[in-house]
Every structure is written in C-alpha cells, then in structure tokens.
>>> print(open('protein29.cif').read())   # mmCIF, C-alpha atoms (C1' of nucleotides)
data_data
#
loop_
_atom_site.label_atom_id
_atom_site.label_comp_id
_atom_site.auth_asym_id
_atom_site.auth_seq_id
_atom_site.Cartn_x
_atom_site.Cartn_y
_atom_site.Cartn_z
CA MET A 1 115.95 83.28 76.70
CA ALA A 2 112.27 82.82 76.35
CA PRO A 3 111.48 79.42 75.01
CA LYS A 4 110.17 79.29 71.53
CA ARG A 5 107.30 77.18 70.63
CA LYS A 6 108.28 74.16 68.80
CA ARG A 7 106.66 71.02 69.85
CA GLN A 8 107.24 67.43 69.11
CA GLU A 9 108.37 64.69 71.26
CA THR A 10 111.50 63.05 72.26
CA GLY A 11 112.29 59.69 70.95
CA LYS A 12 115.10 57.29 70.76
CA GLU A 13 117.59 57.29 68.02
CA LYS A 14 120.80 55.64 67.07
CA ARG A 15 122.94 58.40 65.81
CA ALA A 16 124.78 57.76 62.62
CA SER A 17 128.20 59.24 63.08
CA LYS A 18 130.19 61.07 60.51
CA ARG A 19 128.19 60.36 57.45
CA THR A 20 129.61 61.99 54.43
CA LYS A 21 127.43 63.96 52.12
CA ALA A 22 128.17 61.55 49.33
CA THR A 23 126.75 58.59 51.18
CA ILE A 24 123.56 60.21 52.30
CA VAL A 25 120.62 59.18 50.26
CA HIS A 26 117.73 61.55 50.57
CA SER A 27 114.28 61.02 49.36
CA GLU A 28 112.29 64.13 48.78
CA PHE A 29 111.83 64.42 52.49
CA PRO A 30 114.45 63.18 54.90
CA LYS A 31 113.67 60.06 56.82
CA LEU A 32 111.68 60.12 59.98
CA SER A 33 114.45 58.90 62.18
CA GLU A 34 118.10 58.06 62.04
CA LYS A 35 117.11 54.47 62.36
CA SER A 36 114.96 54.46 59.29
CA ALA A 37 117.46 56.62 57.46
CA LYS A 38 120.07 54.00 58.11
CA ALA A 39 117.72 51.30 57.04
CA ALA A 40 117.07 53.13 53.81
CA SER A 41 120.74 53.71 53.25
CA ALA A 42 121.50 50.11 53.94
CA LYS A 43 119.27 49.12 51.11
CA GLY A 44 121.88 50.52 48.83
CA ASN A 45 122.20 53.58 46.78
CA GLN A 46 119.00 53.30 44.94
CA THR A 47 118.53 56.99 44.97
CA ILE A 48 114.90 57.81 45.33
CA GLY A 49 114.90 60.68 42.94
CA THR A 50 117.20 63.64 43.10
CA PRO A 51 118.00 64.81 46.58
CA ALA A 52 115.68 67.68 47.21
CA THR A 53 117.32 70.70 48.68
CA TYR A 54 115.44 73.73 49.82
CA SER A 55 116.11 77.36 50.51
CA HIS A 56 112.64 78.42 51.60
CA TRP A 57 110.87 77.42 54.78
CA LEU A 58 107.80 77.69 56.91
CA LEU A 59 108.11 77.65 60.69
CA LYS A 60 105.13 77.07 62.93
CA SER A 61 104.77 78.79 66.24
CA GLU A 62 101.96 79.26 68.73
CA PRO A 63 100.87 82.85 69.28
CA ASN A 64 98.75 82.01 72.33
CA SER A 65 99.82 81.11 75.83
CA ARG A 66 99.84 77.42 76.53
CA PHE A 67 101.67 75.95 79.47
CA GLU A 68 103.75 72.84 79.39
CA ASN A 69 105.38 71.86 82.67
CA GLY A 70 104.81 75.39 83.84
CA VAL A 71 106.55 76.88 80.84
CA ASP A 72 104.69 79.08 78.40
CA MET A 73 105.00 77.86 74.84
CA LYS A 74 103.76 81.14 73.38
CA PHE A 75 105.95 82.69 70.73
CA SER A 76 104.23 84.98 68.29
CA PHE A 77 105.57 86.95 65.37
CA ASP A 78 105.42 90.02 67.58
CA ASP A 79 107.47 88.18 70.15
CA LEU A 80 110.12 87.64 67.50
CA LYS A 81 109.99 91.30 66.59
CA SER A 82 110.51 92.34 70.18
CA SER A 83 113.31 89.86 70.82
CA PRO A 84 116.81 91.25 71.26
CA ASN A 85 118.09 92.21 67.84
CA GLN A 86 114.72 90.94 66.54
CA THR A 87 116.34 87.53 66.58
CA ALA A 88 115.50 84.27 68.34
CA CYS A 89 116.75 80.71 68.45
CA TRP A 90 114.30 78.12 67.23
CA ASP A 91 114.58 75.76 70.16
CA GLY A 92 112.39 72.90 71.24
CA VAL A 93 111.94 71.01 68.00
CA ARG A 94 111.71 67.31 68.81
CA ASN A 95 110.90 65.61 65.57
CA TYR A 96 113.56 63.99 63.42
CA GLN A 97 112.38 65.20 60.08
CA ALA A 98 112.12 68.76 61.35
CA ARG A 99 115.46 68.40 63.11
CA ASN A 100 117.14 67.26 59.91
CA PHE A 101 115.91 70.31 58.06
CA LEU A 102 117.13 72.57 60.85
CA ARG A 103 120.44 70.80 61.14
CA ASP A 104 121.27 70.09 57.53
CA GLN A 105 119.45 72.37 55.18
CA MET A 106 118.58 75.71 56.70
CA LYS A 107 121.34 78.06 55.66
CA LEU A 108 122.26 81.68 56.23
CA GLY A 109 119.94 84.06 54.46
CA HIS A 110 117.23 81.51 53.70
CA ASP A 111 113.72 82.94 53.61
CA VAL A 112 111.17 81.79 56.14
CA PHE A 113 107.44 82.21 56.52
CA PHE A 114 106.31 82.62 60.13
CA TYR A 115 103.12 80.63 60.67
CA HIS A 116 100.76 80.97 63.60
CA SER A 117 99.38 77.61 64.66
CA ASN A 118 97.05 76.25 67.28
CA CYS A 119 95.07 79.47 67.40
CA LYS A 120 91.74 80.85 66.31
CA GLU A 121 92.91 81.97 62.89
CA PRO A 122 95.93 79.95 61.77
CA GLY A 123 97.99 81.30 58.90
CA ILE A 124 101.13 82.98 57.64
CA ILE A 125 101.70 86.29 59.34
CA GLY A 126 105.15 87.37 58.31
CA GLN A 127 108.57 86.74 57.01
CA CYS A 128 111.85 86.12 58.77
CA LYS A 129 115.21 84.77 57.70
CA VAL A 130 117.94 82.44 58.90
CA VAL A 131 120.75 84.39 60.54
CA LYS A 132 122.59 81.56 62.25
CA GLU A 133 122.96 78.01 61.09
CA SER A 134 122.54 74.80 63.03
CA TYR A 135 123.89 74.53 66.57
CA PRO A 136 122.86 72.39 69.53
CA ASP A 137 119.53 73.20 71.15
CA HIS A 138 120.38 74.04 74.78
CA THR A 139 116.94 73.04 76.05
CA GLN A 140 117.74 69.35 75.57
CA PHE A 141 120.29 69.58 78.40
CA ASP A 142 118.09 71.38 80.91
CA PRO A 143 116.19 68.97 83.19
CA LYS A 144 113.73 71.72 84.06
CA ASP A 145 112.88 72.46 80.46
CA PRO A 146 109.80 70.81 78.95
CA HIS A 147 111.98 69.75 76.04
CA TYR A 148 114.69 68.16 78.16
CA ASP A 149 116.02 64.95 76.65
CA ARG A 150 117.86 62.72 79.06
CA THR A 151 119.07 60.55 76.20
CA SER A 152 121.08 63.38 74.70
CA SER A 153 124.53 64.50 75.76
CA LYS A 154 126.67 67.55 75.19
CA ASP A 155 129.26 65.34 73.53
CA ASN A 156 126.72 64.04 71.13
CA PRO A 157 123.74 66.37 70.96
CA LYS A 158 120.61 65.07 69.39
CA TRP A 159 118.64 68.24 68.76
CA PHE A 160 119.59 71.35 66.85
CA MET A 161 118.26 74.80 66.19
CA VAL A 162 118.92 77.83 64.03
CA ASP A 163 118.48 81.54 64.72
CA VAL A 164 115.93 83.50 62.77
CA LYS A 165 115.50 87.23 62.47
CA TYR A 166 112.35 89.23 61.90
CA VAL A 167 112.03 90.62 58.38
CA ARG A 168 108.52 92.01 57.86
CA PRO A 169 104.86 91.28 58.41
CA LEU A 170 102.96 90.28 55.28
CA ASP A 171 100.72 93.01 53.88
CA LYS A 172 97.89 90.54 54.21
CA PHE A 173 97.60 87.70 56.71
CA ILE A 174 97.33 84.57 54.59
CA THR A 175 94.93 82.26 56.35
CA LEU A 176 95.14 78.52 56.49
CA ALA A 177 91.66 78.47 54.96
CA GLU A 178 92.81 80.39 51.92
CA LEU A 179 95.89 78.25 51.55
CA LYS A 180 93.77 75.13 51.81
CA LYS A 181 91.31 76.36 49.22
CA THR A 182 94.16 77.08 46.83
CA HIS A 183 95.85 73.79 47.61
CA LYS A 184 92.69 71.88 46.76
CA ALA A 185 92.21 73.80 43.54
CA HIS A 186 95.83 73.17 42.62
CA GLN A 187 95.46 69.46 43.23
CA SER A 188 92.98 69.42 40.39
CA SER A 189 94.79 71.87 38.17
CA ALA A 190 98.36 70.74 38.96
CA GLY A 191 99.04 74.22 40.27
CA PRO A 192 102.01 75.31 42.37
CA LEU A 193 100.50 74.56 45.78
CA ARG A 194 99.38 71.03 44.96
CA ASN A 195 102.00 69.46 47.25
CA LEU A 196 102.24 72.11 49.93
CA ALA A 197 103.71 70.54 53.06
CA LEU A 198 101.19 72.40 55.20
CA PHE A 199 98.69 69.84 53.95
CA THR A 200 100.77 66.89 52.81
CA LYS A 201 102.94 66.92 55.97
CA ALA A 202 100.52 68.76 58.20
CA ARG A 203 102.13 67.95 61.51
CA LEU A 204 105.64 68.95 60.59
CA SER A 205 106.66 72.17 62.35
CA VAL A 206 109.62 72.95 60.10
CA GLN A 207 108.44 72.72 56.53
CA PRO A 208 110.30 73.15 53.25
CA LEU A 209 108.86 75.15 50.38
CA SER A 210 109.92 74.99 46.77
CA GLN A 211 110.80 78.24 45.05
CA GLU A 212 107.56 77.91 43.14
CA GLU A 213 105.51 77.53 46.30
CA TRP A 214 107.24 80.46 47.94
CA ASP A 215 106.67 82.71 44.94
CA TYR A 216 103.04 81.73 44.64
CA ILE A 217 102.29 82.43 48.27
CA LEU A 218 103.97 85.83 47.99
CA LYS A 219 101.65 86.58 45.11
CA MET A 220 98.67 85.65 47.26
CA GLU A 221 99.76 88.40 49.61
CA HIS A 222 98.61 90.96 47.07
CA SER A 223 95.68 89.14 45.61
CA ASP A 224 92.11 90.28 46.14
CA GLU A 225 90.78 87.02 47.45
CA SER A 226 89.48 87.19 50.96
"C1'" DG B 1 87.15 69.92 73.99
"C1'" DC B 2 87.13 66.56 70.28
"C1'" DC B 3 89.45 63.68 67.46
"C1'" DA B 4 91.90 62.31 62.93
"C1'" DA B 5 96.29 61.82 61.42
"C1'" DC B 6 100.51 60.30 62.26
"C1'" DG B 7 105.15 59.67 64.70
"C1'" DT B 8 107.26 56.73 68.35
"C1'" DT B 9 107.80 52.83 71.36
"C1'" DG B 10 108.54 48.30 72.55
"C1'" DG B 11 106.99 43.40 72.65
"C1'" DC B 12 107.27 39.67 69.95
"C1'" DG C 1 111.10 44.00 61.17
"C1'" DC C 2 106.15 44.05 62.13
"C1'" DC C 3 102.58 46.27 64.24
"C1'" DA C 4 99.41 47.45 68.20
"C1'" DA C 5 99.30 50.67 71.66
"C1'" DC C 6 100.26 55.02 72.91
"C1'" DG C 7 101.17 60.00 72.70
"C1'" DT C 8 101.11 64.39 70.28
"C1'" DT C 9 99.77 67.89 66.87
"C1'" DG C 10 96.83 71.12 65.56
"C1'" DG C 11 92.54 72.17 62.92
"C1'" DC C 12 87.92 72.42 63.86
#
>>> encode(input="protein29.cif", output="structure tokens")
Amino acid sequence: MAPKRKRQETGKEKRASKRTKATIVHSEFPKLSEKSAKAASAKGNQTIGTPATYSHWLLKSEPNSRFENGVDMKFSFDDLKSSPNQTACWDGVRNYQARNFLRDQMKLGHDVFFYHSNCKEPGIIGQCKVVKESYPDHTQFDPKDPHYDRTSSKDNPKWFMVDVKYVRPLDKFITLAELKKTHKAHQSSAGPLRNLALFTKARLSVQPLSQEEWDYILKMEHSDES
DNA sequence: GCCAACGTTGGC
DNA sequence: GCCAACGTTGGC
C-alpha cells in the first residue's frame, strides 16, 4: 500500500507494559514519551485536571510529492478518495503524543478533518472518519521503509495506526490563514478556537479537537469570510 | 530555501 | 534528571 504521509522521528522509549486504564494519569495532552509518562505517573496520582478524551481529530498530510529515502511522502485528500474502498491506513507516525492519540483515543466512527500541510496553501480540505481502530504500523518492521524502526519488534510494536475513510470534501477549503486569524481573535475574546492545537501544538500531526472546536470550524465552512 | 519552534538524544 | 546539541516540522 502506498505510504501515507506522516512524519516524525523515531526515538527511544521504555514501554510501559500492561497499564490499566485506572492507573493512567492523563494531563490534557498525553505525555511526550513513555518515559515522561512514567515519570509523571510516578509522581503519584495528582491528577492534572480531568483526563481529556476526544472524539474529533485533525490529521495532517502532505499533498505534494516529497521524497524520503526514495519513497514519496505525498498523500492528498484525493489520494484518500481514490484508495481502495476510499480507505487508507495512517502509517508512518513517529511521535509519541501523536502515537498515543492513534493508539488510545481514536475510535470507530470518530470524525476527522483532513489537513494539507507543507504546501502552498495549507488548510482543511475535507472530512474523513475512523473505520478501524489502532493496530501495529507495518512500516516500522520494514528495513526499506523510511519509517523503519529497528528498536521495535513484532512482539512488542512501538508504533500504531488507524484506518480512515473518505467522507466528503468541505464546501469551502478552510485555509490556515483563516484559522489563524480566527484563533488570534478568539484568544482575545475567549472564543472557541482560542486553544486550537493547530497553533498551540503546531508540530503535532495527529491533533485532537474539542466538540466546540469541531462545530465552530464546520460553521466556518459556510461563512462568507474569504 | 530559511529558520523558529520544539521533540529527542545522550553525556554528565 | 538536567540540558546542550542535534534533528525535524512545516509555515513563510
């Protein structure tokens, strides 16, 4: 299958085995690595606020060709549409925070914005949805793949992915510029996009959205603003 | 192509 | 466990 386009490097991690839900302490965003998650847990159960759970997401993908170890990282919204069954696995994510969202929180039927990044006009182009929950990302086991991770094993995979299916293009492409403008305005007015991960966690390729953020962005789809 | 922001690594 | 060096992301 054609590789998707989800960057982020390989690192080292000590995997925490068999943690039970009850013992996991989440801050609003999961920890950056298993190591720091363990460190945070070890500090005791001083819960840092209510565990945030999400059911809406934004996935970044590059619509333009860019080669990494001879492999094209391009995966546009149209590429998703023309995939078999209009469905693709979201492989190649190599960032712990993003991995944790993929592995732990993205559930069947969850709504997803498809975002075009690293291109002339970045922005949200369409909607897709989760059609298969977390399973091991095969590219970590393939030495020829740019996202190969020699520190991972089939017995104890480090990286996970979900499958997403094309839903629809937005009626209006929502540009990064428009989102940023709104985000800045909402920072002053305490509006719904004041904490949008696109700006507060800019480098994250798998981003959570609150219901409020999701709804607001959908409204922008039919607003007059340029 | 530049480079700011930020995640990871590894020495100490 | 700190933190400097390094590498990557992704807008511009």
>>> residues_around(input="protein29.cif", residues="DC12 (chain C)", least_positions_apart="2", cutoff="10 Å", atoms="all atoms listed in the file", output="list in words")
Lys120 of chain A; DC2 and DC3 of chain B; DG10 of chain C
>>> write_last_selection(input="protein29.cif", atoms="C-alpha atoms (C1' of nucleotides)", output="PDB file, keeping the file's coordinate frame")
ATOM      1  CA  LYS A 120      91.740  80.850  66.310  1.00  0.00           C
TER       2      LYS A 120
ATOM      3  C1'  DC B   2      87.130  66.560  70.280  1.00  0.00           C
ATOM      4  C1'  DC B   3      89.450  63.680  67.460  1.00  0.00           C
TER       5       DC B   3
ATOM      6  C1'  DG C  10      96.830  71.120  65.560  1.00  0.00           C
TER       7       DG C  10
END
>>> closest_atom_pairs(input="protein29.cif", of="chain B", to="chain A", cutoff="10 Å", atoms="all atoms listed in the file", output="Markdown table")
| residue | atom | partner | partner_atom | distance |
| --- | --- | --- | --- | --- |
| B:DA5 | C1' | A:Arg203 | CA | 8.5 |
| B:DC6 | C1' | A:Arg203 | CA | 7.9 |
| B:DG7 | C1' | A:Leu32 | CA | 8.1 |
| B:DT8 | C1' | A:Gly11 | CA | 6.4 |
| B:DT9 | C1' | A:Gly11 | CA | 8.2 |
>>> closest_residue(input="protein29.cif", among="A:Lys180, A:Lys154, A:Arg103, A:Arg94", to="DG11 (chain C)", atoms="only C-alpha atoms (C1' of nucleotides)")
A:Lys180
>>> atom_distance(input="protein29.cif", atom1="CA of Lys81 (chain A)", atom2="CA of Leu58 (chain A)")
16.8 Å
>>> axis_aligned_box(input="protein29.cif", around="region 1-5 of chain C", padding_each_side="6 Å", output="AutoDock Vina command-line options")
--center_x 105.2 --center_y 47.3 --center_z 66.4 --size_x 23.8 --size_y 18.7 --size_z 22.5
>>> decode(input="protein29.cif", residues="chain B", atoms="N, CA and C atoms (P, O5', C5', C4', C3', O3' and C1' of nucleotides)", output="mmCIF file, in the first residue's frame")
data_model
loop_
_atom_site.group_PDB
_atom_site.id
_atom_site.type_symbol
_atom_site.label_atom_id
_atom_site.label_comp_id
_atom_site.auth_asym_id
_atom_site.auth_seq_id
_atom_site.Cartn_x
_atom_site.Cartn_y
_atom_site.Cartn_z
ATOM 1 P P DG B 1 16.873 25.154 -2.839
ATOM 2 O "O5'" DG B 1 17.059 26.113 -1.602
ATOM 3 C "C5'" DG B 1 17.202 27.453 -1.975
ATOM 4 C "C4'" DG B 1 17.001 28.270 -0.763
ATOM 5 C "C3'" DG B 1 17.720 27.757 0.470
ATOM 6 O "O3'" DG B 1 18.193 28.924 1.115
ATOM 7 C "C1'" DG B 1 15.412 27.877 0.947
ATOM 8 P P DC B 2 19.125 28.876 2.376
ATOM 9 O "O5'" DC B 2 18.108 29.510 3.417
ATOM 10 C "C5'" DC B 2 17.492 30.760 3.111
ATOM 11 C "C4'" DC B 2 16.641 31.181 4.291
ATOM 12 C "C3'" DC B 2 17.294 30.924 5.647
ATOM 13 O "O3'" DC B 2 17.094 32.073 6.433
ATOM 14 C "C1'" DC B 2 15.182 29.841 5.545
ATOM 15 P P DC B 3 17.945 32.286 7.750
ATOM 16 O "O5'" DC B 3 16.897 31.772 8.840
ATOM 17 C "C5'" DC B 3 15.621 32.382 8.944
ATOM 18 C "C4'" DC B 3 14.790 31.569 9.918
ATOM 19 C "C3'" DC B 3 15.610 31.076 11.119
ATOM 20 O "O3'" DC B 3 14.795 31.117 12.270
ATOM 21 C "C1'" DC B 3 14.557 29.280 10.125
ATOM 22 P P DA B 4 15.160 32.128 13.433
ATOM 23 O "O5'" DA B 4 13.830 32.171 14.291
ATOM 24 C "C5'" DA B 4 12.577 32.435 13.640
ATOM 25 C "C4'" DA B 4 11.493 31.586 14.277
ATOM 26 C "C3'" DA B 4 11.678 31.359 15.776
ATOM 27 O "O3'" DA B 4 10.380 31.418 16.342
ATOM 28 C "C1'" DA B 4 11.714 29.266 14.630
ATOM 29 P P DA B 5 10.136 31.180 17.876
ATOM 30 O "O5'" DA B 5 9.648 29.659 17.887
ATOM 31 C "C5'" DA B 5 8.449 29.320 17.214
ATOM 32 C "C4'" DA B 5 8.226 27.840 17.377
ATOM 33 C "C3'" DA B 5 8.319 27.369 18.824
ATOM 34 O "O3'" DA B 5 7.186 26.550 19.072
ATOM 35 C "C1'" DA B 5 9.770 26.087 17.443
ATOM 36 P P DC B 6 6.886 25.989 20.511
ATOM 37 O "O5'" DC B 6 7.492 24.527 20.421
ATOM 38 C "C5'" DC B 6 7.039 23.650 19.380
ATOM 39 C "C4'" DC B 6 7.923 22.425 19.390
ATOM 40 C "C3'" DC B 6 8.234 21.902 20.810
ATOM 41 O "O3'" DC B 6 8.183 20.497 20.765
ATOM 42 C "C1'" DC B 6 10.169 22.081 19.597
ATOM 43 P P DG B 7 7.174 19.678 21.637
ATOM 44 O "O5'" DG B 7 7.674 18.192 21.412
ATOM 45 C "C5'" DG B 7 7.500 17.591 20.140
ATOM 46 C "C4'" DG B 7 8.651 16.651 19.856
ATOM 47 C "C3'" DG B 7 9.019 15.722 21.016
ATOM 48 O "O3'" DG B 7 9.210 14.426 20.470
ATOM 49 C "C1'" DG B 7 10.933 16.913 20.318
ATOM 50 P P DT B 8 9.621 13.161 21.327
ATOM 51 O "O5'" DT B 8 11.187 13.083 21.074
ATOM 52 C "C5'" DT B 8 11.645 12.845 19.754
ATOM 53 C "C4'" DT B 8 13.132 12.619 19.804
ATOM 54 C "C3'" DT B 8 13.595 11.593 20.851
ATOM 55 O "O3'" DT B 8 14.462 10.724 20.154
ATOM 56 C "C1'" DT B 8 14.798 13.613 21.113
ATOM 57 P P DT B 9 15.112 9.453 20.880
ATOM 58 O "O5'" DT B 9 16.595 9.963 21.134
ATOM 59 C "C5'" DT B 9 17.344 10.419 20.021
ATOM 60 C "C4'" DT B 9 18.683 10.884 20.535
ATOM 61 C "C3'" DT B 9 19.347 9.893 21.495
ATOM 62 O "O3'" DT B 9 20.608 9.579 20.932
ATOM 63 C "C1'" DT B 9 19.326 12.087 22.416
ATOM 64 P P DG B 10 21.469 8.367 21.472
ATOM 65 O "O5'" DG B 10 22.438 9.119 22.488
ATOM 66 C "C5'" DG B 10 23.234 10.197 22.022
ATOM 67 C "C4'" DG B 10 23.915 10.826 23.208
ATOM 68 C "C3'" DG B 10 24.431 9.796 24.220
ATOM 69 O "O3'" DG B 10 25.646 10.301 24.739
ATOM 70 C "C1'" DG B 10 22.991 11.253 25.306
ATOM 71 P P DG B 11 26.819 9.365 25.148
ATOM 72 O "O5'" DG B 11 27.765 10.421 25.858
ATOM 73 C "C5'" DG B 11 27.959 11.695 25.254
ATOM 74 C "C4'" DG B 11 28.128 12.747 26.326
ATOM 75 C "C3'" DG B 11 28.949 12.287 27.520
ATOM 76 O "O3'" DG B 11 29.785 13.362 27.909
ATOM 77 C "C1'" DG B 11 26.820 12.974 28.270
ATOM 78 P P DC B 12 31.078 13.105 28.842
ATOM 79 O "O5'" DC B 12 30.549 13.554 30.264
ATOM 80 C "C5'" DC B 12 30.201 14.934 30.468
ATOM 81 C "C4'" DC B 12 29.337 15.045 31.690
ATOM 82 C "C3'" DC B 12 29.825 14.258 32.893
ATOM 83 O "O3'" DC B 12 30.697 15.076 33.676
ATOM 84 C "C1'" DC B 12 27.431 14.243 32.665
#
